[in-house]
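Enquirer: Have a look at this one.
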Amino acid sequence: MSETAAETFQFGFVCVQNAGRSQMSTAFAEREVERRGLDDRVQIVTGGTHPADHVHEEVVTVMDELGIDLSDRTPREVSTETLNACDVVATMGCSTLELDADSVEVRDWALDDPDGQDLDAVRAIRDEIEERVSNLFDEFLDDQ
């Protein structure tokens, strides 16, 4: 497949507050895009159905341990219309999301909520998310 004919993908990462799991997922997806040189092929969408005021402190802390700074990110709402334009939407186990588009593959990752958990528990959630995001890229973009 030539570079000009390369298929583009849009991934969505959604949870209720967009303050923990979906923020970590988005950060790992952005890192995969950079590492794999996919800037022109992959778009990342994130948001929540009822966004929080800020990213959970414990999430900021454990991501910072990996050199990923989430301290300046703000949770935001995401529309169904935006998510319907995605190829794959990963929900984090807390969403009541219903998408209309048949072309969207929705995957519920059923992850524990890191909010209020101790750092070891949040690290375990972070590490699972990192693996799931990497696997998602391998599955859909393994020709890169």
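So you can find residues: chains in the structure tokens are A, B, ... in the order shown, residues in each start at 1, and ligands are numbered from 1 in order.
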Residues near Ile44 of chain A, anyone? I mean within 6 Å using only C-alpha atoms, not counting same-chain ones fewer than 6 positions away, as JSON, numbers by chain.
Expert: {"A": [10, 11, 12]}
Enquirer: Mind writing the picked residues with N, CA and C atoms as an mmCIF file, in the first residue's frame?
Expert:
data_model
loop_
_atom_site.group_PDB
_atom_site.id
_atom_site.type_symbol
_atom_site.label_atom_id
_atom_site.label_comp_id
_atom_site.auth_asym_id
_atom_site.auth_seq_id
_atom_site.Cartn_x
_atom_site.Cartn_y
_atom_site.Cartn_z
ATOM 1 N N GLN A 10 -9.633 6.691 12.942
ATOM 2 C CA GLN A 10 -9.958 7.580 14.048
ATOM 3 C C GLN A 10 -10.359 6.709 15.230
ATOM 4 N N PHE A 11 -9.612 6.864 16.318
ATOM 5 C CA PHE A 11 -9.876 6.127 17.548
ATOM 6 C C PHE A 11 -10.480 7.065 18.574
ATOM 7 N N GLY A 12 -11.484 6.594 19.298
ATOM 8 C CA GLY A 12 -12.087 7.359 20.372
ATOM 9 C C GLY A 12 -11.904 6.647 21.700
#
Enquirer: Excluding Val33 of chain A and residues on its chain fewer than 5 positions from it, collect all residues at most 7 Å away from it, counting only C-alpha atoms, and give them as a list in words.
Expert: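 In the requested form, the answer reads Leu38, Asp39 and Val42 of chain A.
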Enquirer: Save the residues we just selected, C-alpha atoms, as a PDB file, in the first residue's frame?
Expert:
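Writing the result to out-v5.pdb gives the following:
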ATOM      1  CA  LEU A  38       1.356   7.824  12.006  1.00  0.00           C
ATOM      2  CA  ASP A  39       0.614  11.543  12.312  1.00  0.00           C
ATOM      3  CA  VAL A  42      -4.474   8.417  12.891  1.00  0.00           C
TER       4      VAL A  42
END
Enquirer: Can you work out the spacing between atom CA of Thr49 of chain A and atom CA of Glu105 of chain A in Å, to one decimal?
Expert: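 Straight-line distance from atom CA of Thr49 of chain A to atom CA of Glu105 of chain A works out to 18.2 Å.
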Enquirer: What is the atom CA of Thr82 of chain A-atom CA of Asp53 of chain A distance in Å, reported with one decimal?
Expert: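 Distance reported for this atom pair: 21.2 Å.
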Enquirer: According to DSSP computed on the backbone, where in chain A is there alpha helix (DSSP H)? Give the residues as an NGL selection string.
Expert: :A and (21-36 or 57-64 or 80-84 or 119-141)
